[in-house]
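Dumped run09.json below, it's JSON, C-alpha atoms and all ligand atoms:
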[["chain", "number", "residue", "atom", "x", "y", "z"],
["P", 596, "MET", "CA", -5.09, 26.33, 9.53],
["P", 597, "PRO", "CA", -7.54, 23.41, 9.98],
["P", 598, "MET", "CA", -6.86, 20.43, 7.75],
["P", 599, "ASP", "CA", -9.11, 20.07, 4.71],
["P", 600, "LEU", "CA", -9.72, 16.49, 3.64],
["P", 601, "THR", "CA", -12.90, 17.20, 1.70],
["P", 602, "GLY", "CA", -13.54, 14.49, -0.86],
["P", 603, "GLN", "CA", -10.82, 12.25, 0.56],
["P", 604, "VAL", "CA", -11.22, 8.74, 1.95],
["P", 605, "ALA", "CA", -9.35, 7.71, 5.09],
["P", 606, "LEU", "CA", -8.92, 4.32, 6.73],
["P", 607, "VAL", "CA", -7.91, 4.13, 10.41],
["P", 608, "THR", "CA", -6.87, 0.78, 11.89],
["P", 609, "GLY", "CA", -7.34, 0.46, 15.62],
["P", 610, "GLY", "CA", -9.78, 3.32, 15.13],
["P", 611, "ALA", "CA", -12.25, 2.34, 17.84],
["P", 612, "SER", "CA", -10.46, 3.97, 20.77],
["P", 613, "GLY", "CA", -7.62, 6.22, 21.93],
["P", 614, "ILE", "CA", -5.36, 7.80, 19.30],
["P", 615, "GLY", "CA", -7.14, 6.03, 16.45],
["P", 616, "ALA", "CA", -10.58, 7.25, 17.51],
["P", 617, "GLY", "CA", -9.26, 10.80, 17.98],
["P", 618, "THR", "CA", -7.71, 10.69, 14.51],
["P", 619, "ALA", "CA", -10.87, 9.27, 12.93],
["P", 620, "ARG", "CA", -12.86, 12.14, 14.49],
["P", 621, "MET", "CA", -10.33, 14.68, 13.21],
["P", 622, "PHE", "CA", -10.41, 13.18, 9.70],
["P", 623, "ALA", "CA", -14.20, 13.31, 9.64],
["P", 624, "ALA", "CA", -14.23, 16.90, 10.95],
["P", 625, "ALA", "CA", -11.80, 17.77, 8.14],
["P", 626, "GLY", "CA", -14.30, 16.47, 5.58],
["P", 627, "ALA", "CA", -12.99, 12.95, 4.92],
["P", 628, "GLN", "CA", -15.10, 9.85, 4.58],
["P", 629, "VAL", "CA", -13.71, 7.50, 7.20],
["P", 630, "VAL", "CA", -13.48, 3.73, 7.53],
["P", 631, "VAL", "CA", -12.92, 2.59, 11.12],
["P", 632, "ALA", "CA", -11.24, -0.82, 11.25],
["P", 633, "ASP", "CA", -10.81, -2.49, 14.62],
["P", 634, "VAL", "CA", -10.85, -5.88, 16.28],
["P", 635, "ASP", "CA", -13.38, -4.29, 18.66],
["P", 636, "GLU", "CA", -16.23, -4.31, 16.18],
["P", 637, "THR", "CA", -18.89, -2.88, 18.48],
["P", 638, "SER", "CA", -16.90, 0.22, 19.43],
["P", 639, "ALA", "CA", -15.80, 0.67, 15.82],
["P", 640, "HIS", "CA", -19.45, 0.79, 14.69],
["P", 641, "VAL", "CA", -20.40, 3.19, 17.49],
["P", 642, "LEU", "CA", -17.66, 5.59, 16.42],
["P", 643, "ALA", "CA", -18.49, 5.22, 12.74],
["P", 644, "GLU", "CA", -22.09, 6.15, 13.48],
["P", 645, "GLU", "CA", -20.94, 9.19, 15.48],
["P", 646, "ILE", "CA", -18.74, 10.51, 12.65],
["P", 647, "GLY", "CA", -20.87, 9.43, 9.70],
["P", 648, "GLY", "CA", -18.35, 6.86, 8.54],
["P", 649, "THR", "CA", -18.37, 3.13, 8.15],
["P", 650, "ALA", "CA", -16.75, 0.34, 10.16],
["P", 651, "LEU", "CA", -15.73, -3.27, 10.08],
["P", 652, "ARG", "CA", -14.17, -5.88, 12.30],
["P", 653, "CYS", "CA", -10.55, -6.13, 11.28],
["P", 654, "ASP", "CA", -7.70, -8.00, 12.95],
["P", 655, "VAL", "CA", -4.68, -6.25, 11.46],
["P", 656, "GLY", "CA", -2.56, -9.32, 12.14],
["P", 657, "VAL", "CA", -4.54, -11.15, 9.45],
["P", 658, "LEU", "CA", -3.64, -10.13, 5.90],
["P", 659, "ALA", "CA", -7.10, -10.92, 4.53],
["P", 660, "ASP", "CA", -8.71, -8.57, 7.10],
["P", 661, "ASN", "CA", -6.50, -5.72, 5.86],
["P", 662, "HIS", "CA", -7.55, -6.42, 2.28],
["P", 663, "ALA", "CA", -11.20, -6.46, 3.42],
["P", 664, "ALA", "CA", -10.81, -3.05, 5.09],
["P", 665, "VAL", "CA", -9.27, -1.50, 1.98],
["P", 666, "SER", "CA", -11.90, -3.13, -0.17],
["P", 667, "LEU", "CA", -14.66, -1.66, 2.00],
["P", 668, "ALA", "CA", -13.17, 1.83, 1.55],
["P", 669, "GLU", "CA", -13.04, 1.42, -2.21],
["P", 670, "LYS", "CA", -16.50, -0.10, -2.54],
["P", 671, "THR", "CA", -18.19, 2.35, -0.17],
["P", 672, "TYR", "CA", -16.39, 5.58, -1.03],
["P", 673, "GLY", "CA", -14.66, 4.90, -4.35],
["P", 674, "GLY", "CA", -11.02, 4.87, -3.29],
["P", 675, "LEU", "CA", -8.47, 5.43, -0.55],
["P", 676, "ASP", "CA", -6.34, 8.54, 0.02],
["P", 677, "VAL", "CA", -5.19, 8.45, 3.66],
["P", 678, "LEU", "CA", -4.10, 5.35, 5.56],
["P", 679, "MET", "CA", -3.52, 5.52, 9.32],
["P", 680, "LEU", "CA", -1.95, 2.23, 10.48],
["P", 681, "ASN", "CA", -2.54, 2.71, 14.17],
["P", 682, "ALA", "CA", -3.71, -0.55, 15.78],
["P", 683, "GLY", "CA", -1.41, -1.62, 18.59],
["P", 684, "VAL", "CA", -1.03, -3.51, 21.84],
["P", 685, "ASN", "CA", 1.60, -3.48, 24.54],
["P", 686, "SER", "CA", 3.45, -6.69, 25.33],
["P", 687, "GLY", "CA", 3.62, -6.49, 29.08],
["P", 688, "PHE", "CA", 6.52, -8.84, 29.81],
["P", 689, "THR", "CA", 10.29, -8.94, 29.77],
["P", 690, "LEU", "CA", 12.48, -11.81, 28.56],
["P", 691, "ASP", "CA", 12.63, -13.08, 32.17],
["P", 692, "ASP", "CA", 8.88, -13.73, 32.25],
["P", 693, "PHE", "CA", 8.61, -14.45, 28.53],
["P", 694, "ASP", "CA", 5.16, -15.23, 27.21],
["P", 695, "GLU", "CA", 5.34, -16.86, 23.76],
["P", 696, "ALA", "CA", 1.67, -16.33, 22.95],
["P", 697, "GLY", "CA", 1.92, -12.71, 24.08],
["P", 698, "TYR", "CA", 5.04, -12.29, 21.96],
["P", 699, "ARG", "CA", 3.28, -13.61, 18.82],
["P", 700, "ARG", "CA", 0.29, -11.39, 19.52],
["P", 701, "ALA", "CA", 2.38, -8.25, 20.03],
["P", 702, "MET", "CA", 4.47, -8.87, 16.91],
["P", 703, "GLY", "CA", 1.34, -9.82, 14.97],
["P", 704, "VAL", "CA", -0.50, -6.61, 15.78],
["P", 705, "ASN", "CA", 2.33, -4.07, 16.00],
["P", 706, "LEU", "CA", 4.55, -5.26, 13.15],
["P", 707, "ASP", "CA", 2.56, -7.66, 10.93],
["P", 708, "GLY", "CA", -0.36, -5.25, 11.22],
["P", 709, "VAL", "CA", 1.67, -2.42, 9.66],
["P", 710, "VAL", "CA", 3.32, -4.63, 7.02],
["P", 711, "PHE", "CA", -0.05, -6.12, 6.04],
["P", 712, "GLY", "CA", -1.67, -2.70, 6.09],
["P", 713, "LEU", "CA", 0.91, -1.46, 3.59],
["P", 714, "VAL", "CA", 0.57, -4.56, 1.42],
["P", 715, "ALA", "CA", -3.20, -4.10, 1.25],
["P", 716, "GLY", "CA", -3.36, -0.33, 1.20],
["P", 717, "VAL", "CA", -0.58, 0.82, -1.11],
["P", 718, "PRO", "CA", -2.15, -0.58, -4.31],
["P", 719, "ALA", "CA", -5.38, 1.28, -3.46],
["P", 720, "LEU", "CA", -3.47, 4.54, -2.91],
["P", 721, "ARG", "CA", -1.73, 3.99, -6.26],
["P", 722, "ARG", "CA", -5.11, 3.49, -7.90],
["P", 723, "CYS", "CA", -6.05, 6.97, -6.60],
["P", 724, "GLY", "CA", -2.86, 8.46, -8.01],
["P", 725, "GLY", "CA", -1.08, 8.77, -4.65],
["P", 726, "GLY", "CA", -1.87, 9.37, -1.01],
["P", 727, "ARG", "CA", -0.57, 9.64, 2.52],
["P", 728, "ILE", "CA", 0.27, 6.99, 5.10],
["P", 729, "VAL", "CA", 0.94, 7.43, 8.81],
["P", 730, "ALA", "CA", 2.19, 4.31, 10.62],
["P", 731, "VAL", "CA", 1.96, 4.58, 14.38],
["P", 732, "ALA", "CA", 5.22, 3.51, 16.01],
["P", 733, "SER", "CA", 6.24, 5.03, 19.35],
["P", 734, "LEU", "CA", 9.08, 6.78, 21.14],
["P", 735, "ALA", "CA", 9.67, 3.17, 22.21],
["P", 736, "GLY", "CA", 10.84, 2.62, 18.62],
["P", 737, "LEU", "CA", 13.61, 5.19, 19.07],
["P", 738, "ALA", "CA", 14.78, 4.58, 22.63],
["P", 739, "PRO", "CA", 15.33, 1.50, 24.80],
["P", 740, "VAL", "CA", 12.41, 0.32, 26.94],
["P", 741, "PRO", "CA", 13.74, -2.22, 29.46],
["P", 742, "GLU", "CA", 10.28, -2.88, 30.94],
["P", 743, "ASP", "CA", 8.78, -3.87, 27.55],
["P", 744, "PRO", "CA", 11.59, -4.87, 25.15],
["P", 745, "VAL", "CA", 9.32, -6.69, 22.70],
["P", 746, "TYR", "CA", 7.17, -3.57, 22.27],
["P", 747, "ALA", "CA", 10.34, -1.53, 21.75],
["P", 748, "ALA", "CA", 11.54, -4.05, 19.15],
["P", 749, "ASN", "CA", 8.37, -4.12, 17.07],
["P", 750, "LYS", "CA", 8.03, -0.33, 17.20],
["P", 751, "ALA", "CA", 11.67, 0.09, 16.08],
["P", 752, "ALA", "CA", 10.86, -2.29, 13.23],
["P", 753, "VAL", "CA", 7.97, -0.06, 12.16],
["P", 754, "VAL", "CA", 10.28, 2.96, 12.11],
["P", 755, "ASN", "CA", 12.79, 1.29, 9.81],
["P", 756, "LEU", "CA", 10.05, -0.28, 7.70],
["P", 757, "VAL", "CA", 8.71, 3.21, 7.02],
["P", 758, "ARG", "CA", 12.16, 4.58, 6.25],
["P", 759, "SER", "CA", 12.79, 1.68, 3.90],
["P", 760, "VAL", "CA", 9.60, 1.82, 1.83],
["P", 761, "ALA", "CA", 9.47, 5.62, 1.58],
["P", 762, "PRO", "CA", 11.76, 6.09, -1.45],
["P", 763, "ASP", "CA", 9.84, 3.74, -3.75],
["P", 764, "LEU", "CA", 6.45, 5.02, -2.57],
["P", 765, "HIS", "CA", 7.56, 8.61, -3.14],
["P", 766, "ALA", "CA", 7.91, 7.79, -6.83],
["P", 767, "ASP", "CA", 4.19, 6.88, -6.82],
["P", 768, "GLY", "CA", 3.13, 10.11, -5.10],
["P", 769, "ILE", "CA", 2.69, 8.40, -1.73],
["P", 770, "SER", "CA", 4.17, 9.79, 1.49],
["P", 771, "VAL", "CA", 4.73, 7.50, 4.46],
["P", 772, "ASN", "CA", 5.78, 8.63, 7.91],
["P", 773, "ALA", "CA", 6.06, 7.03, 11.33],
["P", 774, "LEU", "CA", 4.38, 8.67, 14.32],
["P", 775, "CYS", "CA", 6.38, 8.23, 17.51],
["P", 776, "PRO", "CA", 4.43, 9.47, 20.52],
["P", 777, "GLY", "CA", 5.53, 9.35, 24.11],
["P", 778, "TYR", "CA", 3.19, 8.19, 26.86],
["P", 779, "THR", "CA", -0.37, 9.21, 26.03],
["P", 780, "ASP", "CA", -3.48, 8.91, 28.16],
["P", 781, "THR", "CA", -5.17, 5.87, 26.57],
["P", 782, "ALA", "CA", -6.18, 2.35, 27.53],
["P", 783, "ILE", "CA", -2.98, 0.81, 26.17],
["P", 784, "LEU", "CA", -1.03, 2.05, 29.20],
["P", 785, "GLY", "CA", -2.64, -0.72, 31.24],
["P", 786, "ARG", "CA", -0.46, -1.80, 34.13],
["P", 787, "PHE", "CA", 2.17, 0.86, 33.31],
["P", 788, "ARG", "CA", -0.25, 3.66, 34.19],
["P", 789, "ALA", "CA", 0.17, 3.37, 37.97],
["P", 790, "GLY", "CA", 3.95, 3.62, 37.74],
["P", 791, "LEU", "CA", 3.77, 6.67, 35.48],
["P", 792, "GLU", "CA", 1.28, 8.39, 37.77],
["P", 793, "ALA", "CA", 3.43, 7.57, 40.80],
["P", 794, "VAL", "CA", 6.27, 9.68, 39.34],
["P", 795, "ASN", "CA", 3.90, 12.35, 37.97],
["P", 796, "TRP", "CA", 4.91, 11.55, 34.40],
["P", 797, "PRO", "CA", 3.17, 14.08, 32.09],
["P", 798, "LEU", "CA", 0.86, 11.96, 29.96],
["P", 799, "MET", "CA", -0.09, 13.57, 26.68],
["P", 800, "ALA", "CA", -3.73, 13.95, 25.73],
["P", 801, "VAL", "CA", -5.00, 12.12, 22.66],
["P", 802, "GLU", "CA", -5.63, 15.57, 21.12],
["P", 803, "ASP", "CA", -1.89, 16.37, 21.30],
["P", 804, "VAL", "CA", -1.07, 13.26, 19.27],
["P", 805, "VAL", "CA", -3.91, 13.89, 16.82],
["P", 806, "ALA", "CA", -2.52, 17.40, 16.27],
["P", 807, "ALA", "CA", 0.79, 15.77, 15.38],
["P", 808, "VAL", "CA", -0.98, 13.61, 12.78],
["P", 809, "SER", "CA", -2.31, 16.85, 11.26],
["P", 810, "SER", "CA", 1.21, 18.31, 11.22],
["P", 811, "ILE", "CA", 2.57, 15.25, 9.44],
["P", 812, "LEU", "CA", -0.17, 15.27, 6.83],
["P", 813, "ALA", "CA", 0.26, 19.01, 6.30],
["P", 814, "SER", "CA", 3.98, 18.59, 5.61],
["P", 815, "ASP", "CA", 5.52, 17.24, 2.43],
["P", 816, "ALA", "CA", 7.87, 15.00, 4.41],
["P", 817, "THR", "CA", 8.23, 11.30, 3.83],
["P", 818, "GLY", "CA", 10.33, 8.57, 5.39],
["P", 819, "GLU", "CA", 10.45, 10.41, 8.71],
["P", 820, "ALA", "CA", 9.91, 9.27, 12.29],
["P", 821, "TRP", "CA", 8.02, 12.09, 14.00],
["P", 822, "LEU", "CA", 8.76, 12.61, 17.68],
["P", 823, "VAL", "CA", 5.72, 13.59, 19.70],
["P", 824, "GLN", "CA", 6.76, 14.37, 23.24],
["P", 825, "SER", "CA", 5.01, 16.34, 25.95],
["P", 826, "GLY", "CA", 5.97, 20.02, 25.78],
["P", 827, "HIS", "CA", 7.71, 19.79, 22.38],
["P", 828, "GLU", "CA", 6.52, 20.60, 18.88],
["P", 829, "PRO", "CA", 6.16, 17.45, 16.73],
["P", 830, "GLN", "CA", 9.34, 17.08, 14.73],
["P", 831, "PRO", "CA", 11.19, 14.53, 12.60],
["P", 832, "TYR", "CA", 13.79, 12.62, 14.57],
["P", 833, "ARG", "CA", 17.32, 13.30, 13.35],
["P", 834, "PHE", "CA", 19.02, 9.97, 12.72],
["P", 835, "ARG", "CA", 22.76, 9.81, 12.49],
["P", 836, "GLY", "CA", 23.89, 8.52, 9.11],
["P", 837, "VAL", "CA", 25.43, 5.06, 8.96],
["P", 838, "PRO", "CA", 28.89, 5.02, 7.39],
["P", 839, "GLY", "CA", 29.10, 3.07, 4.15],
["P", 840, "PRO", "CA", 31.93, 0.65, 3.43],
["P", 841, "LYS", "CA", 35.33, 2.09, 2.62],
["P", 842, "VAL", "CA", 35.58, 0.50, -0.83],
["P", 843, "PRO", "CA", 36.45, 3.06, -3.51],
["P", 844, "SER", "CA", 35.06, 0.93, -6.37],
["P", 845, "LEU", "CA", 31.57, 1.11, -4.80],
["P", 846, "ALA", "CA", 31.49, 4.88, -4.97],
["P", 847, "SER", "CA", 30.04, 5.01, -8.49],
["P", 848, "SER", "CA", 27.82, 1.92, -8.36],
["P", 849, "PRO", "CA", 24.10, 2.29, -7.65],
["P", 850, "SER", "CA", 23.02, 1.21, -4.20],
["P", 851, "ARG", "CA", 19.70, 0.33, -2.59],
["P", 852, "ILE", "CA", 21.06, 1.88, 0.57],
["P", 853, "SER", "CA", 20.43, 5.51, -0.16],
["P", 854, "GLU", "CA", 18.89, 8.62, 1.24],
["P", 855, "SER", "CA", 15.09, 8.84, 1.38],
["P", 856, "PRO", "CA", 13.45, 11.67, -0.57],
["P", 857, "LYS", "CA", 12.94, 14.74, 1.60],
["P", 858, "SER", "CA", 14.21, 12.73, 4.55],
["P", 859, "ASN", "CA", 17.16, 13.10, 6.87],
["P", 860, "SER", "CA", 17.39, 9.32, 7.01],
["P", 861, "SER", "CA", 20.69, 8.60, 5.32],
["P", 862, "ALA", "CA", 22.57, 5.34, 5.41],
["P", 863, "LYS", "CA", 25.31, 6.78, 3.20],
["P", 864, "SER", "CA", 28.76, 7.50, 4.49],
["P", 901, "LIG", "N1", -0.85, 5.53, 24.47],
["P", 901, "LIG", "C1", 0.48, 5.60, 24.42],
["P", 901, "LIG", "O1", 1.17, 5.91, 25.41],
["P", 901, "LIG", "C2", 1.17, 5.30, 23.12],
["P", 901, "LIG", "C3", 2.49, 5.77, 22.94],
["P", 901, "LIG", "C4", 3.14, 5.49, 21.77],
["P", 901, "LIG", "C5", 2.50, 4.78, 20.77],
["P", 901, "LIG", "N2", 1.23, 4.33, 20.96],
["P", 901, "LIG", "C6", 0.62, 3.57, 19.88],
["P", 901, "LIG", "O2", -0.57, 4.21, 19.48],
["P", 901, "LIG", "C7", -1.41, 3.26, 18.85],
["P", 901, "LIG", "C8", -2.82, 3.41, 19.36],
["P", 901, "LIG", "O3", -2.85, 3.01, 20.73],
["P", 901, "LIG", "P1", -3.68, 3.81, 21.82],
["P", 901, "LIG", "O4", -2.70, 4.44, 22.72],
["P", 901, "LIG", "O5", -4.70, 4.66, 21.19],
["P", 901, "LIG", "O6", -4.32, 2.59, 22.63],
["P", 901, "LIG", "P2", -5.79, 2.01, 22.65],
["P", 901, "LIG", "O7", -5.67, 0.73, 23.40],
["P", 901, "LIG", "O8", -6.74, 3.03, 23.12],
["P", 901, "LIG", "O9", -6.12, 1.73, 21.11],
["P", 901, "LIG", "C9", -5.62, 0.62, 20.43],
["P", 901, "LIG", "C10", -6.69, 0.17, 19.45],
["P", 901, "LIG", "O10", -6.15, -0.90, 18.67],
["P", 901, "LIG", "C11", -7.15, -1.90, 18.59],
["P", 901, "LIG", "N3", -6.55, -3.18, 18.30],
["P", 901, "LIG", "C12", -5.82, -3.99, 19.11],
["P", 901, "LIG", "N4", -5.47, -5.11, 18.48],
["P", 901, "LIG", "C13", -5.98, -5.01, 17.24],
["P", 901, "LIG", "C14", -5.95, -5.86, 16.11],
["P", 901, "LIG", "N5", -5.32, -7.05, 16.15],
["P", 901, "LIG", "N6", -6.54, -5.46, 14.97],
["P", 901, "LIG", "C15", -7.20, -4.27, 14.94],
["P", 901, "LIG", "N7", -7.27, -3.43, 15.98],
["P", 901, "LIG", "C16", -6.67, -3.80, 17.11],
["P", 901, "LIG", "C17", -7.85, -1.86, 19.94],
["P", 901, "LIG", "O11", -9.12, -2.52, 19.91],
["P", 901, "LIG", "C18", -7.93, -0.37, 20.17],
["P", 901, "LIG", "O12", -9.11, 0.17, 19.60],
["P", 901, "LIG", "C19", -0.78, 1.90, 19.11],
["P", 901, "LIG", "O13", -0.07, 1.47, 17.97],
["P", 901, "LIG", "C20", 0.18, 2.18, 20.24],
["P", 901, "LIG", "O14", 1.25, 1.27, 20.28],
["P", 901, "LIG", "C21", 0.55, 4.59, 22.10]]
Structure translated into structure tokens:
Amino acid sequence: MPMDLTGQVALVTGGASGIGAGTARMFAAAGAQVVVADVDETSAHVLAEEIGGTALRCDVGVLADNHAAVSLAEKTYGGLDVLMLNAGVNSGFTLDDFDEAGYRRAMGVNLDGVVFGLVAGVPALRRCGGGRIVAVASLAGLAPVPEDPVYAANKAAVVNLVRSVAPDLHADGISVNALCPGYTDTAILGRFRAGLEAVNWPLMAVEDVVAAVSSILASDATGEAWLVQSGHEPQPYRFRGVPGPKVPSLASSPSRISESPKSNSSAKS
């Protein structure tokens, strides 16, 4: 059944191209009013015009820009219901050819951008009585990526950030899930594209990943990392639980390390 977001307000970071643009189009087609936030201001405005939304220049690595994006949603459309924290860059180096500026940029966009997006967006979702968040991580957040370890590290951080904030947000009626796609046919592939094509790697279409966003939003899951892999149905990744300490006296004491609501993500023994 097509998603119905009539009367809802959605904000998409990195919404000017690729997965973000596809998601912004899907949100608008589902009836949402959409704010497109991207460092590429021109393309963001072009897309906003196409879908009848609004746009702004936003560098997600700058906290104030995230606040400005949320503020625009509230001022223009009266609130915020759906937050898609999607902006991302690849790193493009290993530790052998380490690039400090590239490292700061990649961490700033891929990790700070999601942390700052939550800091700015969650209060607005609370003001609307709840909402839904999708943070775009990657399969690179669940599996080693020797050719781009910094990307793998910041995407893994997004996965555990989502798992960690989900329980408290659930109490406020807010779901938060990580989207973990495999290689998808967008501009971010950059210099990796030739190698993937050389081995006939099946790149997913943006539409496949956007369909997974719909599946996540249609579910009542929270605190999950959703695998999106070519040829498979989108599904929450099954983490192994982490054993707790073998200290009997801890058994009855409350712990912050606990199972997420409606999540398989247990750190209990
Ligand atoms: N394409 C893939 O293979 C793949 C796989 C897994 C995860 N992802 C993730 O999907 C997300 C979207 O990437 P994509 O594949 O659509 O690539 P893309 O390059 O088409 O889109 C990325 C968007 O993010 C924007 N952006 C970059 N830096 C920004 C910043 N500082 N502030 C705001 N916007 C910024 C870009 O301008 C662009 O519009 C990223 O988080 C990426 O890591 C992509």
Write out as a list of chain:residue names each polymer residue whose atoms come within 10 Å of P:Ala820, counting all atoms listed in the file; drop sequence neighbours fewer than 5 positions from it.
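Here the qualifying residues turn out to be P:Val729, P:Ala730, P:Val731, P:Ala732, P:Ser733, P:Leu734, P:Gly736, P:Leu737, P:Val753, P:Val754, P:Asn755, P:Val757, P:Arg758, P:Val771, P:Asn772, P:Ala773, P:Leu774, P:Cys775, P:Pro776, P:Ile811, P:Gln830, P:Pro831, P:Tyr832, P:Arg833, P:Phe834, P:Ser858, P:Asn859, P:Ser860.
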Counting only C-alpha atoms, closest pick from P:Gly648, P:Gly777, P:Gly768, P:Gly839 relative to P:Val823 is P:Gly777
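Picture a line from atom CA of P:Ala696 to atom O8 of ligand LIG 901 (chain P); it runs 21.1 Å.
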All residues within 7 Å of ligand LIG 901 (chain P) are required, counting all atoms listed in the file; please report them as number ranges by chain.
P: 608-615, 632-635, 653-656, 681-685, 704-705, 731-735, 775-784
Quick one, how far is atom CA of P:Gly617 from atom CA of P:Ser770?
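Answer for the atom CA of P:Gly617 to atom CA of P:Ser770 separation: 21.3 Å.
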Proximity to P:Ala668 - best of P:Gln628, P:Ser686, P:Thr637, P:Ser759, all atoms listed in the file
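Nearest to P:Ala668: P:Gln628.
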How would stretch 646-665 of chain P of the given structure read as a file with N, CA and C atoms, as a CSV table (one decimal), in the first residue's frame?
chain,number,residue,atom,x,y,z
P,646,ILE,N,9.1,19.4,-6.4
P,646,ILE,CA,8.1,18.7,-5.6
P,646,ILE,C,7.2,19.6,-4.8
P,647,GLY,N,7.3,20.9,-5.0
P,647,GLY,CA,6.4,21.8,-4.2
P,647,GLY,C,6.8,21.9,-2.8
P,648,GLY,N,8.1,21.8,-2.5
P,648,GLY,CA,8.6,21.9,-1.1
P,648,GLY,C,9.4,23.2,-1.0
P,649,THR,N,10.2,23.2,0.0
P,649,THR,CA,11.1,24.4,0.3
P,649,THR,C,12.5,23.9,0.5
P,650,ALA,N,13.5,24.8,0.4
P,650,ALA,CA,14.9,24.3,0.5
P,650,ALA,C,15.7,25.3,1.2
P,651,LEU,N,16.9,24.9,1.7
P,651,LEU,CA,17.8,25.8,2.2
P,651,LEU,C,19.2,25.2,2.1
P,652,ARG,N,20.2,26.1,2.1
P,652,ARG,CA,21.6,25.6,2.2
P,652,ARG,C,21.8,25.2,3.6
P,653,CYS,N,22.3,24.0,3.8
P,653,CYS,CA,22.6,23.5,5.1
P,653,CYS,C,23.8,22.6,5.1
P,654,ASP,N,24.8,22.9,5.9
P,654,ASP,CA,26.0,22.1,6.1
P,654,ASP,C,25.7,21.3,7.4
P,655,VAL,N,25.4,20.0,7.3
P,655,VAL,CA,25.0,19.2,8.4
P,655,VAL,C,26.1,19.1,9.5
P,656,GLY,N,27.3,19.4,9.1
P,656,GLY,CA,28.4,19.4,10.1
P,656,GLY,C,28.5,20.7,10.9
P,657,VAL,N,27.5,21.6,10.7
P,657,VAL,CA,27.4,22.8,11.5
P,657,VAL,C,26.1,22.8,12.3
P,658,LEU,N,26.2,22.8,13.6
P,658,LEU,CA,25.0,22.6,14.4
P,658,LEU,C,24.0,23.7,14.1
P,659,ALA,N,24.4,24.9,13.9
P,659,ALA,CA,23.5,26.0,13.7
P,659,ALA,C,22.7,25.8,12.4
P,660,ASP,N,23.3,25.2,11.4
P,660,ASP,CA,22.6,24.9,10.1
P,660,ASP,C,21.5,23.9,10.3
P,661,ASN,N,21.8,23.0,11.2
P,661,ASN,CA,20.7,22.0,11.5
P,661,ASN,C,19.5,22.6,12.2
P,662,HIS,N,19.8,23.5,13.1
P,662,HIS,CA,18.8,24.3,13.8
P,662,HIS,C,18.0,25.1,12.8
P,663,ALA,N,18.7,25.7,11.8
P,663,ALA,CA,18.1,26.6,10.8
P,663,ALA,C,17.1,25.7,9.9
P,664,ALA,N,17.5,24.5,9.6
P,664,ALA,CA,16.7,23.7,8.8
P,664,ALA,C,15.4,23.3,9.5
P,665,VAL,N,15.5,22.9,10.8
P,665,VAL,CA,14.4,22.6,11.6
P,665,VAL,C,13.5,23.8,11.7
